Amino acid sequence: HKKAGELVSRGKIHADMTQAQPAGSYGWILDVTKKVYIVLILLTMGFMLPHNLADLYRKAVSGWPRPFGISTDPKERGWHSHPAEERMTLNERYQHALLLITFIGLAYTGFGHRYPDSLFNTVFFAGTEGGALRTLLHRVLAALFMALAVYHAVWLVGLRKGRERLLALLPGLNDVRDFFHLQKYNIFHNGEPPAFGHYTYMEKIEYWALIWGSVVMAVTGCVVWFRELSLQYLPKWLIDLCLLIHFMEAILACISILVWHFYWTVFDPAVYPMNWAWLTGKVARPENDTSKHVG
């Protein structure tokens, strides 16, 4: 690297950022960061899995599934159907579609770069030419992802509907109360489920995790993407740290989508085979169903 600066020359070149580093220099920073992410992933799964299993358990003992998720007896547990409500505008559905495409594409090409000899990578990106194509596709998708993030930020503050959504998504004490209320209902069969607003705390958790993860992935990814600039001004340990965070954050994001988002939008008995709001913009749910606002 002709433009590499003096700070880079002080670091160990071609170090594997996912392996334990030797003592001295900056190895302990990578080690600590990796361990922190492992703990974070375990804690995240330790929250998500029991939470969703409790919801599934409650619906199982309550007689789910029902036709279209609605009780055949209107008096049973006070559940009854109501007209479809708008969950996502056409603009939001376009944003969601682009997010879906870019997220899946980035995950596939990103893990393909980390594991180039794996079967899932060699199916489409085998050899040197395949690797170059994978890198190009990853960068194009990254540019689209970041453009979407900028557009979404402008939409949130610049349009009335966006500002309404932002205010509705802000966390509050009511979300804490709803969490404990729902656990009492799911685990102890006590009372009725909470009356959620337009967004449940489940959606708020996922949304703000997405915002945080997007910022982290964009910043760390750009350090690698614009490596000539990074090599001139950043120390080697910081570049390695960004690579490690980018990789570990990708693992955390993919696991969270599979365990959290897929449950509430696909595998939740109340919406199975899926919540159609991302396509139709509307959803009809039992009035007191705990999943009625998830989409």
# chains A, B, ... in the order shown; residues from 1 in each chain; ligands from 1
$ residues_around --residues "Pro50 (chain A)" --least-positions-apart "4" --cutoff "12 Å" --atoms "only C-alpha atoms" --output "ChimeraX atom specification"
/A:43-46,54-57,183,186-187,259-260
$ closest_atom_pairs --of "region 48-162 of chain A" --to "region 213-233 of chain A" --cutoff "8 Å" --atoms "only C-alpha atoms" --output "Markdown table"
| residue | atom | partner | partner_atom | distance |
| --- | --- | --- | --- | --- |
| A:Arg139 | CA | A:Trp225 | CA | 7.8 |
| A:Ala142 | CA | A:Ala218 | CA | 7.9 |
| A:Met146 | CA | A:Ala218 | CA | 6.9 |
| A:Ala149 | CA | A:Ser214 | CA | 7.8 |
$ closest_residue --among "A:Asn91, A:Asn174, A:Leu252, A:Val61" --to "Val39 (chain A)" --atoms "only C-alpha atoms"
A:Leu252
$ closest_residue --among "A:Trp237, A:Phe111, A:Tyr94, A:Trp212" --to "Ile29 (chain A)" --atoms "only C-alpha atoms"
A:Trp237
$ select_by_dssp --residues "region 97-282 of chain A" --states "alpha helix (DSSP H)" --output "VMD selection string"
chain A and resid 97 to 114 119 to 125 127 to 158 160 to 169 173 to 188 201 to 225 227 to 233 236 to 256 262 277 to 280
$ write_last_selection --atoms "C-alpha atoms" --output "short mmCIF file (atom, residue, chain, number, x, y, z; two decimals), in the first residue's frame"
data_model
loop_
_atom_site.label_atom_id
_atom_site.label_comp_id
_atom_site.auth_asym_id
_atom_site.auth_seq_id
_atom_site.Cartn_x
_atom_site.Cartn_y
_atom_site.Cartn_z
CA ALA A 97 -38.39 -3.65 0.41
CA LEU A 98 -35.07 -1.92 -0.29
CA LEU A 99 -33.91 -2.64 3.27
CA LEU A 100 -34.83 -6.31 2.84
CA ILE A 101 -32.91 -6.61 -0.44
CA THR A 102 -29.80 -4.77 0.73
CA PHE A 103 -29.66 -6.48 4.14
CA ILE A 104 -29.89 -9.99 2.70
CA GLY A 105 -27.46 -9.16 -0.09
CA LEU A 106 -24.93 -7.59 2.28
CA ALA A 107 -25.16 -10.53 4.67
CA TYR A 108 -24.65 -13.06 1.87
CA THR A 109 -21.75 -11.28 0.18
CA GLY A 110 -20.20 -10.22 3.50
CA PHE A 111 -20.06 -13.69 4.99
CA GLY A 112 -18.96 -14.96 1.58
CA HIS A 113 -15.95 -12.65 1.82
CA ARG A 114 -15.15 -13.92 5.33
CA LEU A 119 -20.34 -23.86 -0.28
CA PHE A 120 -22.83 -20.99 -0.04
CA ASN A 121 -20.19 -18.63 -1.46
CA THR A 122 -18.78 -20.82 -4.23
CA VAL A 123 -22.27 -21.40 -5.67
CA PHE A 124 -22.24 -17.86 -7.10
CA PHE A 125 -18.81 -16.36 -6.43
CA GLY A 127 -12.68 -18.15 -8.13
CA THR A 128 -10.93 -14.83 -8.57
CA GLU A 129 -13.56 -13.36 -10.89
CA GLY A 130 -16.33 -14.46 -8.54
CA GLY A 131 -14.54 -12.82 -5.63
CA ALA A 132 -14.23 -9.54 -7.54
CA LEU A 133 -17.91 -9.66 -8.46
CA ARG A 134 -18.85 -10.37 -4.83
CA THR A 135 -16.80 -7.40 -3.63
CA LEU A 136 -18.39 -5.10 -6.23
CA LEU A 137 -21.88 -6.29 -5.36
CA HIS A 138 -21.21 -5.83 -1.64
CA ARG A 139 -20.13 -2.23 -2.22
CA VAL A 140 -23.09 -1.43 -4.48
CA LEU A 141 -25.48 -2.84 -1.88
CA ALA A 142 -23.65 -0.92 0.86
CA ALA A 143 -24.07 2.32 -1.10
CA LEU A 144 -27.79 1.62 -1.53
CA PHE A 145 -28.11 0.75 2.16
CA MET A 146 -26.46 4.01 3.25
CA ALA A 147 -28.51 6.02 0.74
CA LEU A 148 -31.63 4.46 2.19
CA ALA A 149 -30.46 5.37 5.70
CA VAL A 150 -29.97 9.01 4.66
CA TYR A 151 -33.35 9.08 2.94
CA HIS A 152 -35.02 7.53 5.98
CA ALA A 153 -33.46 10.14 8.28
CA VAL A 154 -34.71 12.95 6.03
CA TRP A 155 -38.14 11.31 5.83
CA LEU A 156 -38.32 11.07 9.63
CA VAL A 157 -37.78 14.77 10.19
CA GLY A 158 -38.90 16.32 6.90
CA ARG A 160 -45.35 14.86 8.56
CA LYS A 161 -45.89 11.09 8.37
CA GLY A 162 -42.24 10.49 9.20
CA ARG A 163 -42.40 12.76 12.24
CA GLU A 164 -45.53 10.94 13.39
CA ARG A 165 -43.74 7.62 13.09
CA LEU A 166 -40.68 8.93 14.93
CA LEU A 167 -42.75 10.18 17.85
CA ALA A 168 -44.64 6.88 17.99
CA LEU A 169 -41.37 4.93 18.01
CA LEU A 173 -42.12 4.15 30.58
CA ASN A 174 -45.27 2.67 29.08
CA ASP A 175 -43.06 0.21 27.17
CA VAL A 176 -41.51 -1.00 30.43
CA ARG A 177 -44.98 -1.46 31.91
CA ASP A 178 -46.15 -3.26 28.77
CA PHE A 179 -43.18 -5.62 28.95
CA PHE A 180 -43.92 -6.76 32.51
CA HIS A 181 -47.65 -6.78 31.83
CA LEU A 182 -47.19 -9.10 28.85
CA GLN A 183 -44.86 -11.43 30.74
CA LYS A 184 -47.39 -11.71 33.54
CA TYR A 185 -50.06 -12.53 30.98
CA ASN A 186 -47.92 -15.01 29.01
CA ILE A 187 -46.19 -16.85 31.86
CA PHE A 188 -48.70 -16.68 34.70
CA TYR A 201 -42.08 -2.40 22.62
CA MET A 202 -41.01 -5.39 20.49
CA GLU A 203 -41.05 -3.21 17.38
CA LYS A 204 -39.32 -0.33 19.14
CA ILE A 205 -36.50 -2.59 20.31
CA GLU A 206 -35.96 -3.86 16.80
CA TYR A 207 -36.19 -0.44 15.18
CA TRP A 208 -33.65 1.28 17.42
CA ALA A 209 -31.35 -1.74 17.26
CA LEU A 210 -31.53 -1.42 13.47
CA ILE A 211 -30.64 2.28 13.65
CA TRP A 212 -27.69 1.62 15.95
CA GLY A 213 -26.47 -1.33 13.91
CA SER A 214 -26.76 0.60 10.64
CA VAL A 215 -24.57 3.41 11.95
CA VAL A 216 -21.97 0.96 13.28
CA MET A 217 -21.88 -1.03 10.04
CA ALA A 218 -21.70 2.08 7.85
CA VAL A 219 -18.85 3.67 9.81
CA THR A 220 -16.74 0.52 10.16
CA GLY A 221 -17.47 -0.54 6.59
CA CYS A 222 -16.35 2.79 5.16
CA VAL A 223 -13.02 2.48 6.99
CA VAL A 224 -12.37 -0.69 4.99
CA TRP A 225 -13.98 0.52 1.76
CA ARG A 227 -8.74 1.92 2.69
CA GLU A 228 -6.32 4.30 0.97
CA LEU A 229 -7.62 7.16 3.09
CA SER A 230 -7.78 4.99 6.21
CA LEU A 231 -4.19 3.82 5.76
CA GLN A 232 -2.99 7.41 5.62
CA TYR A 233 -4.59 8.68 8.79
CA LYS A 236 -3.41 -0.16 12.29
CA TRP A 237 -5.12 -1.18 15.52
CA LEU A 238 -8.13 1.03 14.73
CA ILE A 239 -8.50 -0.43 11.24
CA ASP A 240 -8.34 -3.96 12.68
CA LEU A 241 -10.86 -2.97 15.34
CA CYS A 242 -13.29 -1.71 12.70
CA LEU A 243 -12.94 -4.99 10.78
CA LEU A 244 -13.67 -6.99 13.93
CA ILE A 245 -16.67 -4.86 14.92
CA HIS A 246 -18.05 -5.04 11.37
CA PHE A 247 -17.87 -8.84 11.44
CA MET A 248 -19.28 -9.31 14.95
CA GLU A 249 -22.05 -6.76 14.40
CA ALA A 250 -23.07 -8.64 11.25
CA ILE A 251 -23.40 -11.85 13.27
CA LEU A 252 -25.48 -10.09 15.92
CA ALA A 253 -27.74 -8.47 13.31
CA CYS A 254 -28.41 -11.70 11.40
CA ILE A 255 -29.15 -13.69 14.56
CA SER A 256 -31.50 -10.98 15.80
CA PHE A 262 -38.92 -13.66 11.87
CA ALA A 277 -48.50 -5.55 6.02
CA TRP A 278 -45.13 -5.28 4.26
CA LEU A 279 -46.96 -6.01 0.98
CA THR A 280 -50.51 -4.73 1.47
#
$ atom_distance --atom1 "CA of Ala60 (chain A)" --atom2 "CA of Met88 (chain A)"
28.7 Å
$ atom_distance --atom1 "CA of Leu53 (chain A)" --atom2 "CA of Tyr263 (chain A)"
9.7 Å
$ atom_distance --atom1 "CA of Gly191 (chain A)" --atom2 "CA of His51 (chain A)"
18.0 Å
